[in-house]
file my_file_33.cif (mmCIF, C-alpha atoms)
data_structure
loop_
_atom_site.label_atom_id
_atom_site.label_comp_id
_atom_site.auth_asym_id
_atom_site.auth_seq_id
_atom_site.Cartn_x
_atom_site.Cartn_y
_atom_site.Cartn_z
CA MET A 50 -30.05 -151.41 70.77
CA PRO A 51 -29.51 -153.93 67.93
CA ASP A 52 -26.03 -155.48 67.83
CA SER A 53 -25.62 -154.27 64.24
CA TYR A 54 -25.72 -150.64 65.40
CA LYS A 55 -23.22 -151.40 68.15
CA ALA A 56 -20.90 -152.91 65.55
CA GLU A 57 -21.13 -149.75 63.43
CA ILE A 58 -20.31 -147.54 66.41
CA ARG A 59 -17.50 -149.85 67.50
CA SER A 60 -15.94 -149.49 64.04
CA LEU A 61 -15.47 -145.74 64.55
CA ALA A 62 -11.87 -144.83 65.35
CA ILE A 63 -12.96 -143.11 68.56
CA PHE A 64 -14.41 -146.35 70.00
CA GLU A 65 -12.30 -148.95 68.21
CA HIS A 66 -9.58 -149.59 70.81
CA MET A 67 -11.37 -148.91 74.10
CA ALA A 68 -11.93 -151.70 76.60
CA ASP A 69 -14.97 -153.90 75.95
CA ALA A 70 -16.39 -153.24 79.41
CA ASN A 71 -16.17 -149.48 78.94
CA PHE A 72 -17.78 -149.68 75.50
CA GLU A 73 -20.68 -151.65 76.94
CA ALA A 74 -20.97 -149.10 79.75
CA ILE A 75 -21.47 -146.32 77.21
CA MET A 76 -23.88 -148.39 75.17
CA ARG A 77 -26.12 -149.26 78.13
CA GLY A 78 -27.55 -145.75 78.28
CA ALA A 79 -27.59 -145.19 74.51
CA TYR A 80 -30.57 -145.38 72.21
CA VAL A 81 -31.21 -145.10 68.50
CA GLN A 82 -33.89 -142.94 66.93
CA ASN A 83 -35.14 -142.32 63.41
CA PHE A 84 -35.89 -138.71 62.47
CA PRO A 85 -37.71 -137.28 59.43
CA PRO A 86 -36.19 -134.37 57.48
CA GLN A 87 -35.96 -130.88 59.00
CA VAL A 88 -36.13 -131.99 62.63
CA ASP A 89 -34.07 -130.02 65.16
CA LEU A 90 -31.81 -132.35 67.15
CA ILE A 91 -29.94 -129.87 69.33
CA THR A 92 -30.17 -126.13 69.91
CA GLU A 93 -27.31 -123.67 70.12
CA GLY A 94 -26.80 -122.61 73.74
CA ASP A 95 -28.31 -125.73 75.32
CA THR A 96 -26.22 -128.01 77.52
CA ALA A 97 -24.68 -131.05 75.84
CA ASP A 98 -26.73 -133.86 77.33
CA PHE A 99 -25.88 -136.31 74.54
CA MET A 100 -23.15 -137.11 72.07
CA HIS A 101 -24.68 -138.03 68.71
CA VAL A 102 -23.60 -140.54 66.10
CA VAL A 103 -25.10 -140.29 62.61
CA ILE A 104 -25.72 -143.79 61.25
CA SER A 105 -27.70 -142.88 58.15
CA GLY A 106 -28.94 -139.73 56.41
CA SER A 107 -27.29 -136.35 56.96
CA VAL A 108 -27.35 -133.61 59.59
CA GLU A 109 -26.75 -129.90 59.13
CA LEU A 110 -24.82 -128.00 61.80
CA PHE A 111 -25.81 -124.34 61.76
CA ALA A 112 -25.58 -121.18 63.86
CA THR A 113 -27.65 -118.02 64.23
CA TRP A 114 -27.01 -114.48 65.40
CA ASN A 115 -28.98 -111.24 65.26
CA GLY A 116 -31.61 -112.69 62.92
CA ARG A 117 -29.06 -114.28 60.58
CA GLU A 118 -28.33 -117.96 60.04
CA THR A 119 -25.40 -119.80 58.49
CA THR A 120 -24.59 -123.40 57.66
CA MET A 121 -21.40 -124.49 59.43
CA SER A 122 -21.05 -128.03 58.07
CA VAL A 123 -22.93 -131.17 57.08
CA VAL A 124 -22.37 -134.41 59.01
CA ARG A 125 -22.69 -137.71 57.15
CA PRO A 126 -22.46 -141.35 58.28
CA ILE A 127 -20.78 -142.71 60.19
CA SER A 128 -19.54 -139.84 62.36
CA THR A 129 -20.08 -138.06 65.66
CA PHE A 130 -21.20 -134.55 66.65
CA ILE A 131 -20.69 -132.37 68.75
CA LEU A 132 -17.85 -134.03 70.69
CA ALA A 133 -16.16 -130.98 72.23
CA ALA A 134 -19.29 -129.83 74.08
CA THR A 135 -19.79 -133.35 75.44
CA ILE A 136 -16.25 -133.66 76.80
CA LYS A 137 -16.22 -130.13 78.30
CA ASP A 138 -19.77 -130.43 79.68
CA ALA A 139 -20.40 -127.13 77.93
CA HIS A 140 -23.14 -125.46 75.90
CA TYR A 141 -23.56 -126.31 72.24
CA LEU A 142 -22.03 -123.65 69.99
CA MET A 143 -24.13 -124.85 67.04
CA SER A 144 -27.59 -126.21 66.39
CA ALA A 145 -28.28 -129.36 64.38
CA ARG A 146 -31.15 -130.55 62.22
CA THR A 147 -31.70 -133.40 59.82
CA LEU A 148 -31.51 -132.70 56.10
CA GLU A 149 -33.15 -136.00 55.18
CA LYS A 150 -34.54 -139.04 56.93
CA SER A 151 -31.76 -139.91 59.37
CA ARG A 152 -30.92 -142.49 62.00
CA VAL A 153 -29.04 -141.10 64.98
CA ILE A 154 -27.63 -142.83 68.05
CA MET A 155 -27.58 -140.74 71.23
CA LEU A 156 -24.99 -141.46 73.93
CA PRO A 157 -25.42 -139.80 77.35
CA SER A 158 -22.65 -137.24 77.77
CA SER A 159 -22.19 -138.13 81.44
CA ASP A 160 -21.34 -141.74 80.48
CA VAL A 161 -18.93 -140.56 77.77
CA ARG A 162 -17.12 -138.27 80.23
CA ARG A 163 -16.89 -140.97 82.90
CA VAL A 164 -15.32 -143.46 80.49
CA PHE A 165 -13.05 -140.69 79.14
CA ASP A 166 -11.58 -140.37 82.64
CA GLU A 167 -11.11 -144.14 83.03
CA ASP A 168 -10.08 -145.47 79.61
CA HIS A 169 -6.76 -144.13 78.32
CA LYS A 170 -7.19 -145.55 74.81
CA PHE A 171 -10.61 -143.96 74.51
CA ALA A 172 -9.27 -140.65 75.84
CA ARG A 173 -6.45 -140.71 73.30
CA ALA A 174 -8.92 -141.41 70.49
CA VAL A 175 -11.12 -138.51 71.65
CA VAL A 176 -8.13 -136.14 71.65
CA THR A 177 -7.21 -137.32 68.14
CA GLU A 178 -10.74 -136.67 66.86
CA LEU A 179 -10.85 -133.24 68.49
CA ALA A 180 -7.49 -132.44 66.89
CA GLN A 181 -8.90 -133.43 63.50
CA CYS A 182 -11.92 -131.21 64.10
CA TYR A 183 -9.64 -128.31 65.03
CA ARG A 184 -7.61 -128.77 61.85
CA ALA A 185 -10.82 -128.82 59.81
CA VAL A 186 -11.85 -125.50 61.39
CA VAL A 187 -8.45 -123.98 60.54
CA LYS A 188 -8.72 -125.19 56.94
CA ASN A 189 -12.21 -123.75 56.63
CA SER A 190 -11.06 -120.42 58.07
CA LYS A 191 -8.16 -120.31 55.60
CA GLU A 192 -10.52 -121.00 52.72
CA LEU A 193 -12.91 -118.23 53.73
CA LYS A 194 -10.12 -115.67 54.25
CA LEU A 195 -7.72 -116.54 51.43
CA ARG A 196 -9.94 -117.57 48.52
CA THR A 197 -12.40 -115.68 46.37
CA SER A 198 -15.98 -116.91 46.14
CA LEU A 199 -15.24 -118.41 42.73
CA GLU A 200 -12.21 -120.29 44.09
CA ARG A 201 -14.22 -121.54 47.06
CA LEU A 202 -16.92 -122.94 44.81
CA ALA A 203 -14.37 -124.52 42.45
CA ASN A 204 -12.59 -126.26 45.30
CA HIS A 205 -15.85 -127.40 46.88
CA LEU A 206 -16.81 -129.06 43.61
CA LEU A 207 -13.41 -130.75 43.37
CA ARG A 208 -13.73 -132.05 46.94
CA GLN A 209 -17.19 -133.38 46.23
CA GLN A 210 -15.98 -134.93 42.99
CA ALA A 211 -13.22 -136.70 44.94
CA ARG A 212 -15.89 -138.30 47.15
CA THR A 213 -17.50 -139.72 43.98
CA ASN A 214 -14.19 -141.28 42.87
CA GLY A 215 -13.56 -138.55 40.29
CA ALA A 216 -16.84 -138.83 38.38
CA ALA A 217 -17.34 -136.17 35.70
CA ASN A 218 -21.05 -136.01 36.61
CA PHE A 219 -22.38 -135.98 40.16
CA GLU A 220 -25.10 -134.49 42.33
CA LEU A 221 -24.84 -131.67 44.84
CA THR A 222 -25.42 -133.10 48.29
CA ILE A 223 -27.17 -130.03 49.74
CA GLU A 224 -29.48 -127.42 48.29
CA LYS A 225 -27.88 -124.36 46.74
CA ARG A 226 -29.07 -121.95 49.44
CA LYS A 227 -27.31 -124.00 52.14
CA LEU A 228 -24.27 -124.48 49.91
CA ALA A 229 -23.97 -120.72 49.51
CA SER A 230 -24.16 -120.28 53.29
CA GLN A 231 -21.53 -122.97 53.90
CA LEU A 232 -19.18 -121.29 51.42
CA GLY A 233 -19.70 -117.83 52.92
CA MET A 234 -21.73 -116.44 50.00
CA THR A 235 -25.17 -115.06 49.37
CA PRO A 236 -27.40 -117.11 47.02
CA GLU A 237 -26.95 -114.36 44.43
CA ASN A 238 -23.16 -114.58 44.64
CA LEU A 239 -23.36 -118.35 44.27
CA SER A 240 -25.44 -117.98 41.11
CA ARG A 241 -22.87 -115.58 39.66
CA ALA A 242 -20.03 -117.94 40.62
CA ILE A 243 -21.79 -120.86 38.91
CA LYS A 244 -22.06 -118.82 35.71
CA ALA A 245 -18.43 -117.74 36.01
CA LEU A 246 -17.32 -121.39 36.09
CA ARG A 247 -18.78 -122.15 32.65
CA PRO A 248 -15.59 -121.15 30.77
CA TYR A 249 -13.78 -123.71 32.93
CA GLY A 250 -16.05 -126.51 31.75
CA VAL A 251 -18.44 -126.58 34.70
CA THR A 252 -22.20 -126.66 34.24
CA ILE A 253 -24.70 -127.00 37.07
CA GLN A 254 -28.31 -127.73 36.16
CA GLY A 255 -30.49 -128.06 39.23
CA THR A 256 -28.44 -130.31 41.48
CA THR A 257 -26.50 -132.02 38.68
CA VAL A 258 -22.86 -131.00 38.21
CA GLN A 259 -20.89 -131.73 35.03
CA ILE A 260 -17.16 -131.09 34.78
CA ALA A 261 -15.99 -131.17 31.17
CA LYS A 262 -12.57 -129.50 31.55
CA GLN A 263 -10.95 -131.07 34.57
CA ASP A 264 -7.51 -129.53 34.08
CA ASP A 265 -8.93 -126.04 33.60
CA LEU A 266 -10.96 -126.30 36.81
CA VAL A 267 -7.97 -127.59 38.77
CA GLN A 268 -5.79 -124.76 37.43
CA LEU A 269 -8.37 -122.23 38.62
CA ALA A 270 -8.95 -123.84 42.01
CA LYS A 271 -5.33 -124.67 42.88
CA PRO A 272 -6.31 -127.23 45.55
CA THR A 273 -3.84 -127.87 48.34
CA PRO A 274 -3.83 -130.39 51.23
CA LEU A 275 -3.09 -127.46 53.54
CA ILE A 276 -6.68 -126.27 52.95
CA ASP A 277 -8.63 -128.96 51.14
CA ASP A 278 -9.80 -132.28 52.53
CA PRO A 279 -12.12 -134.57 50.51
CA ALA A 280 -13.83 -135.58 53.76
CA PHE A 281 -14.62 -132.01 54.77
#

call {"tool": "encode", "arguments": {"input": "my_file_33.cif", "output": "structure tokens"}}
result
Amino acid sequence: MPDSYKAEIRSLAIFEHMADANFEAIMRGAYVQNFPPQVDLITEGDTADFMHVVISGSVELFATWNGRETTMSVVRPISTFILAATIKDAHYLMSARTLEKSRVIMLPSSDVRRVFDEDHKFARAVVTELAQCYRAVVKNSKELKLRTSLERLANHLLRQQARTNGAANFELTIEKRKLASQLGMTPENLSRAIKALRPYGVTIQGTTVQIAKQDDLVQLAKPTPLIDDPAF
């Protein structure tokens, strides 16, 4: 594996403070692979043989049941998935596929677990990341249960806008069908919500979003750090 990839992984909070020897032990069995769009990386129900690190591109985490499918989240660089299954040596609760051309580093789960048992700083970093993931799940559950579909869309747009440093014009990062699934809506409900945001200064043409009345949108959305996270 090129040293540049190792440096990117080492910069992640989960690996930043672990012992050099333990980091090298994890890296020895790791490899990097480039994937085209719409390639399945892991399958719900399979054992967690690898922990994945997204270096470039984006990966959709999704789940299926009884003929239905839903988008759970989208993973962007540089971040890991699915850590909990790796540490527990358990089955994946979600599937993953690339949304665009992506570069992914795969770390053998057995190596990760062995170092977890030996390196206290690494173990503490893993617990911290799992705690952050848990809090993200709670926030998402609160959004789905406490907000209307219109409020969910409004807050999603504000979170995405925050990732573009507050730009009045930006692009949706996923297609509308997947966005609707992620927000707990049908595509038809998303279309109605988009139209309902027009009086608040929001227009969405294709994938381009324009926010003309920032204060009006914020007043509708009522964002709060107890639910919203720009990184989510």

call {"tool": "atom_distance", "arguments": {"input": "my_file_33.cif", "atom1": "CA of Arg201 (chain A)", "atom2": "CA of Leu232 (chain A)"}}
result
6.6 Å

call {"tool": "closest_residue", "arguments": {"input": "my_file_33.cif", "among": "A:Met50, A:Ile253, A:Leu206, A:Met100", "to": "Thr129 (chain A)", "atoms": "all atoms listed in the file"}}
result
A:Met100

call {"tool": "atom_distance", "arguments": {"input": "my_file_33.cif", "atom1": "CA of Val164 (chain A)", "atom2": "CA of Val81 (chain A)"}}
result
20.0 Å

call {"tool": "atom_distance", "arguments": {"input": "my_file_33.cif", "atom1": "CA of Met67 (chain A)", "atom2": "CA of Arg125 (chain A)"}}
result
23.3 Å

call {"tool": "residues_around", "arguments": {"input": "my_file_33.cif", "residues": "region 235-246 of chain A", "least_positions_apart": "2", "cutoff": "12 Å", "atoms": "only C-alpha atoms", "output": "ChimeraX atom specification"}}
result
/A:117-120,197-206,224-233,248-256,258-263,265-267,269-270

call {"tool": "residues_near_point", "arguments": {"input": "my_file_33.cif", "point": "(-14.1, -135.6, 44.2)", "cutoff": "12 Å", "atoms": "all atoms listed in the file", "output": "PyMOL selection string"}}
result
chain A and resi 203-221+258+260+263+267+272+277-281

call {"tool": "write_last_selection", "arguments": {"input": "my_file_33.cif", "atoms": "C-alpha atoms", "output": "PDB file, in the frame of the given file"}}
result
ATOM      1  CA  ALA A 203     -14.370-124.520  42.450  1.00  0.00           C
ATOM      2  CA  ASN A 204     -12.590-126.260  45.300  1.00  0.00           C
ATOM      3  CA  HIS A 205     -15.850-127.400  46.880  1.00  0.00           C
ATOM      4  CA  LEU A 206     -16.810-129.060  43.610  1.00  0.00           C
ATOM      5  CA  LEU A 207     -13.410-130.750  43.370  1.00  0.00           C
ATOM      6  CA  ARG A 208     -13.730-132.050  46.940  1.00  0.00           C
ATOM      7  CA  GLN A 209     -17.190-133.380  46.230  1.00  0.00           C
ATOM      8  CA  GLN A 210     -15.980-134.930  42.990  1.00  0.00           C
ATOM      9  CA  ALA A 211     -13.220-136.700  44.940  1.00  0.00           C
ATOM     10  CA  ARG A 212     -15.890-138.300  47.150  1.00  0.00           C
ATOM     11  CA  THR A 213     -17.500-139.720  43.980  1.00  0.00           C
ATOM     12  CA  ASN A 214     -14.190-141.280  42.870  1.00  0.00           C
ATOM     13  CA  GLY A 215     -13.560-138.550  40.290  1.00  0.00           C
ATOM     14  CA  ALA A 216     -16.840-138.830  38.380  1.00  0.00           C
ATOM     15  CA  ALA A 217     -17.340-136.170  35.700  1.00  0.00           C
ATOM     16  CA  ASN A 218     -21.050-136.010  36.610  1.00  0.00           C
ATOM     17  CA  PHE A 219     -22.380-135.980  40.160  1.00  0.00           C
ATOM     18  CA  GLU A 220     -25.100-134.490  42.330  1.00  0.00           C
ATOM     19  CA  LEU A 221     -24.840-131.670  44.840  1.00  0.00           C
ATOM     20  CA  VAL A 258     -22.860-131.000  38.210  1.00  0.00           C
ATOM     21  CA  ILE A 260     -17.160-131.090  34.780  1.00  0.00           C
ATOM     22  CA  GLN A 263     -10.950-131.070  34.570  1.00  0.00           C
ATOM     23  CA  VAL A 267      -7.970-127.590  38.770  1.00  0.00           C
ATOM     24  CA  PRO A 272      -6.310-127.230  45.550  1.00  0.00           C
ATOM     25  CA  ASP A 277      -8.630-128.960  51.140  1.00  0.00           C
ATOM     26  CA  ASP A 278      -9.800-132.280  52.530  1.00  0.00           C
ATOM     27  CA  PRO A 279     -12.120-134.570  50.510  1.00  0.00           C
ATOM     28  CA  ALA A 280     -13.830-135.580  53.760  1.00  0.00           C
ATOM     29  CA  PHE A 281     -14.620-132.010  54.770  1.00  0.00           C
TER      30      PHE A 281
END

call {"tool": "residues_around", "arguments": {"input": "my_file_33.cif", "residues": "Tyr80 (chain A)", "least_positions_apart": "5", "cutoff": "8 Å", "atoms": "only C-alpha atoms", "output": "PyMOL selection string"}}
result
chain A and resi 50+154-156
